[in-house]
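> Structure provided below as structure tokens; questions to follow.
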Amino acid sequence: MPTTEFGSIQFAEVDWNDAVCLITYGPLPDKLFLSIKAVGLLQIPLLQRKENGLLRIICGSRRLAVCRELGLQPLLCQILPDSLPLHTCLRMAIYDNLAHRRLNPVEKSLALTKMADHMDKSEVIEEFMSPLDLEPSVVLLERYEKLAQLEPFVLDALASGRLNERVAFALTPLEQTDRLALFQLFEELPFSVSVEEELVEMVVEIGRRQGIGPAEVINLREIRKVRAADTKPARQRAQDIRRHLQALRSPRLTARKERFAKEVRDLKLPAGVRLVPPPHFEGPRWNLECTFESGDELAARLRHLTKLADRRKFQRIMKSLC
Amino acid sequence: MNYRPERLLIEKPVAENRLVQRILAALQDVPVDWVDRLKDDPTSRNGKVLEIVKFQGRFIKPCPGTRFYTCCGYQILNLGVQCFLGCTYCILQAYFPNPNLRLFGNLEDMWQQLEEHLQSSPRRVHRIGTGEFTDSLLLDPLTRMTEDLVPFFAAQPNAVLELKTKTTQVDLLESLDHRGHTIVAWSLNPSSLIASEEAATATLEERLEAARRCQEWGYRLAFHFDPLLVYPDWQNGYSEVVDQLSSAVDPGDIAWISLGTLRFMPSLKPIIRQNHPRSTILEEEFIPGLDGKMRYFRDLRVEMYGYLSRMLRNWHKDLCIYLCMESNDIWRESLGFDPAECGGLSDILDGQALP
Ligand code: SF4
């Protein structure tokens, strides 16, 4: 531990704009207010005296902010000398945070990005990725580095857990308008993380196919209509949008499914019987599902089904595949 | 296509091998690093180094078909890996993160394994290709491997060698005594696709001219419409290819023509996006096939196969056309028969293989 001194500081001495060693991201927790108000500051913040005499925050930015709001000054702090290299201070900030809590994705991104300014990528990977609960890999490091460049409200969503980092990774390569269009959709309707990832990919690919941007895809009339149908539950609208985008991405498969559904309706299968084509109509394996509640019911259904294979309409369905 | 590596990286155990000596003689001013054993560290590789190593695995293997789709019974002779022709869809991008070309220097092991393999099943017809993990003729001007391979196969009563390429590097073949046991094959695509998706390969005209020359030297030919790619004007594009093909070569000397639409492992998709951001091949409609690879939706595959095979048959009705890795229902729907009805695909191709 480098030599530090203890001293009482005034808030005017702190350079509140100096964020070079800050990796904390997110709103001030209410409980921190409550705690400091009730019992005072239990853990002393760490700052560094800069050449210009101002103080750079190293550890305890939130505690300092709360104390400032509560007007608790002068405040006892630990002060590092200005001779201490920045990367040493940054490392102290990261390890101090790691010791107390799990960092959110934005904080992980800040920690990795800022350390990468002082060390080789391979060293950052080796020293920091596992302690940050990340799989050590250059690909993942680069993804986290890009997160730090996202818009503040996307970062807020990421830090608060409203947006998953996997989805943020998928959004980072997009143009800002496209990213925001998708982000707003995800803020508005409830999709699972994997569906959000799928939607980003689908929307980009539909855009490429149609020669339009992802934002324009989201803004297509049919999509807007589904989004605006607020008499329907949000979950239902989310499903409708996904279905709609799937149909745009895979028009042939969708047309085939619709045709199949119509052909099966025309077959007039008995209740409790379902004809299931191979997944994506690929391969020869069909399924016929039959549910029943009694032996008589089963017998009746089987009698009906024995004739099924000879029916023209059924043969046509099968023939259209092979 | 004058290939000149910046550096040679050679494992000492293959130093005395004939292939290594040949390459050293041809690239006298290229610096050489000698190592005991090459480490597999893809991050330090830049694609400009030619590696020659001692291959520890099996040189000859069956083509990795799957039980879900009809396999043709092909065998692969593995002489090296990687390719610098940069086709956007190339599976090698996923198989081998190391971009350096790598040759296997212990060819004495290769010859021994090949001979044992052929002798172990003398009644079987062996169709053997070298173009699975690289282009068959990519480095031939440097390695001169065809000078050894072609005469070797010429002496095998039960085997043919298929050299699959997208290059025009056939010069060495001219003087070789092949006795009909080497088939030279090109993969074909419309010129616009070659320009956009196979940018560093020979043009269609150049490929067909090279094929014509090989035919003149008595070689039989094969063509692979693989991968067939969908794009807005694909029907006209492929019609033109068939037209050009029909004016370039005599169909009587074509051993087989394969058709196979684009398919790829899902893990290749992000690699294609990263390496070839302008490629449009991923924009079509894909479904996961029974083998887990992404494929065009079946109706589209049937349409493409039907279209191509009709055009090819219009040119010459006796062409041996087969589908690569497709199921029987697709065969029936697009070609009108299922290979099992004719003894199986392997037998059909075996019947075509020997001169
Ligand atoms: S020529 Fe073949 S091996 Fe080479 S990049 Fe193209 S597909 Fe891959």
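By order of appearance in the structure tokens: chains A, B, ..., then residues from 1 within every chain, and ligands from 1 in the order shown.
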Residues of chain A within 10 Å of chain B, counting only C-alpha atoms, what are they? List them as a VMD selection string.

chain A and resid 202 204 to 210 248 to 253 256 278 to 284 319 to 322

> Would you mind listing the residues within 7 Å of ligand 1, counting only C-alpha atoms and all ligand atoms, as a list in words?

Gln82, Cys83, Phe84, Leu85, Gly86, Cys87, Tyr89, Cys90, Ile91, Leu92, Phe133, Thr134, Asp135, Thr165, Lys166, Glu198 and Thr201 of chain B

> Kindly save the residues from that selection, with N, CA and C atoms included, as a short mmCIF file (atom, residue, chain, number, x, y, z; two decimals), in the first residue's frame.


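And here is the file that came out, out-v7.cif:
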data_model
loop_
_atom_site.label_atom_id
_atom_site.label_comp_id
_atom_site.auth_asym_id
_atom_site.auth_seq_id
_atom_site.Cartn_x
_atom_site.Cartn_y
_atom_site.Cartn_z
N GLN B 82 -6.00 -24.80 -45.22
CA GLN B 82 -6.16 -23.35 -45.39
C GLN B 82 -6.06 -22.95 -46.86
N CYS B 83 -6.51 -21.76 -47.13
CA CYS B 83 -6.59 -21.29 -48.50
C CYS B 83 -6.65 -19.78 -48.43
N PHE B 84 -6.06 -19.09 -49.42
CA PHE B 84 -6.10 -17.62 -49.35
C PHE B 84 -7.01 -17.03 -50.41
N LEU B 85 -7.87 -17.86 -51.00
CA LEU B 85 -8.72 -17.33 -52.07
C LEU B 85 -9.91 -16.54 -51.51
N GLY B 86 -10.16 -16.70 -50.22
CA GLY B 86 -11.07 -15.78 -49.53
C GLY B 86 -12.53 -15.84 -49.91
N CYS B 87 -13.05 -17.00 -50.28
CA CYS B 87 -14.50 -17.08 -50.57
C CYS B 87 -15.27 -16.74 -49.29
N TYR B 89 -18.04 -17.62 -48.11
CA TYR B 89 -18.77 -18.69 -47.44
C TYR B 89 -17.85 -19.81 -46.96
N CYS B 90 -16.55 -19.66 -47.14
CA CYS B 90 -15.64 -20.80 -46.94
C CYS B 90 -15.67 -21.29 -45.49
N ILE B 91 -15.89 -22.57 -45.35
CA ILE B 91 -15.99 -23.18 -44.02
C ILE B 91 -14.65 -23.18 -43.30
N LEU B 92 -13.55 -23.08 -44.09
CA LEU B 92 -12.23 -23.12 -43.45
C LEU B 92 -12.04 -21.97 -42.47
N PHE B 133 -9.90 -29.44 -47.53
CA PHE B 133 -9.44 -28.45 -46.55
C PHE B 133 -8.54 -27.38 -47.18
N THR B 134 -8.48 -27.38 -48.47
CA THR B 134 -7.76 -26.36 -49.23
C THR B 134 -8.19 -26.52 -50.68
N ASP B 135 -7.72 -25.67 -51.55
CA ASP B 135 -7.99 -25.82 -52.97
C ASP B 135 -6.92 -26.78 -53.52
N THR B 165 -10.77 -27.35 -57.89
CA THR B 165 -10.11 -26.06 -57.82
C THR B 165 -11.00 -24.91 -58.27
N LYS B 166 -10.59 -23.72 -57.88
CA LYS B 166 -11.17 -22.49 -58.44
C LYS B 166 -10.05 -21.68 -59.08
N GLU B 198 -16.34 -14.68 -54.36
CA GLU B 198 -15.15 -15.54 -54.53
C GLU B 198 -14.03 -14.68 -55.12
N THR B 201 -10.55 -15.67 -56.64
CA THR B 201 -10.45 -16.88 -57.47
C THR B 201 -10.41 -16.50 -58.95
#

> Just want the 7 Å neighbourhood of Leu259 of chain B, counted on only C-alpha atoms, with same-chain residues fewer than 6 positions away dropped. Output as a list of chain:residue names.

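In the requested form, the answer reads B:His224, B:Phe225, B:Asp226, B:Tyr305, B:Tyr322, B:Leu323, B:Cys324.
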
> Generate a file of the selected residues that holds C-alpha atoms, formatted as an mmCIF file, in the first residue's frame.


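Wrote it out as selection07.cif, contents follow:
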data_model
loop_
_atom_site.group_PDB
_atom_site.id
_atom_site.type_symbol
_atom_site.label_atom_id
_atom_site.label_comp_id
_atom_site.auth_asym_id
_atom_site.auth_seq_id
_atom_site.Cartn_x
_atom_site.Cartn_y
_atom_site.Cartn_z
ATOM 1 C CA HIS B 224 -19.542 -28.555 -58.903
ATOM 2 C CA PHE B 225 -22.356 -26.060 -58.707
ATOM 3 C CA ASP B 226 -21.628 -25.819 -55.043
ATOM 4 C CA TYR B 305 -31.899 -28.106 -58.198
ATOM 5 C CA TYR B 322 -26.043 -35.604 -58.309
ATOM 6 C CA LEU B 323 -27.038 -33.654 -55.234
ATOM 7 C CA CYS B 324 -24.526 -33.113 -52.497
#

> Output as a PyMOL selection string all residues of segment 72-142 of chain A that backbone DSSP marks as alpha helix (DSSP H).

chain A and resi 86-100+105-116+121-124+138-142

> With only C-alpha atoms as the counted atoms, please give the residues lying no more than 10 Å from segment 7-19 of chain A, apart from itself and same-chain residues fewer than 5 positions off, as a PyMOL selection string.

chain A and resi 24+47-50+53-58+61+64-65+67-68+71-79

> Counting only C-alpha atoms, figure out which residue out of B:His117, B:Arg18, B:Lys269, B:Arg102 gets nearest to Pro5 of chain B.

B:Arg102

> Just the residues within 8 Å of segment 311-317 of chain B, please, counting only C-alpha atoms, with nothing from its chain fewer than 5 positions along; format it as a PDB file with N, CA, C and O atoms, in the first residue's frame.


ATOM      1  N   SER B 239     -28.227 -19.801 -65.800  1.00  0.00           N
ATOM      2  CA  SER B 239     -28.413 -20.174 -67.222  1.00  0.00           C
ATOM      3  C   SER B 239     -27.182 -19.782 -68.010  1.00  0.00           C
ATOM      4  O   SER B 239     -26.704 -20.541 -68.863  1.00  0.00           O
ATOM      5  N   VAL B 242     -24.367 -22.188 -67.502  1.00  0.00           N
ATOM      6  CA  VAL B 242     -24.535 -23.445 -68.253  1.00  0.00           C
ATOM      7  C   VAL B 242     -24.263 -23.190 -69.738  1.00  0.00           C
ATOM      8  O   VAL B 242     -23.613 -24.005 -70.410  1.00  0.00           O
ATOM      9  N   SER B 246     -21.374 -25.012 -71.760  1.00  0.00           N
ATOM     10  CA  SER B 246     -21.659 -25.853 -72.920  1.00  0.00           C
ATOM     11  C   SER B 246     -20.843 -25.421 -74.131  1.00  0.00           C
ATOM     12  O   SER B 246     -20.559 -26.224 -75.008  1.00  0.00           O
ATOM     13  N   PRO B 251     -19.436 -32.367 -73.381  1.00  0.00           N
ATOM     14  CA  PRO B 251     -20.088 -33.020 -72.238  1.00  0.00           C
ATOM     15  C   PRO B 251     -19.737 -34.494 -72.093  1.00  0.00           C
ATOM     16  O   PRO B 251     -19.844 -35.057 -71.004  1.00  0.00           O
TER      17      PRO B 251
END
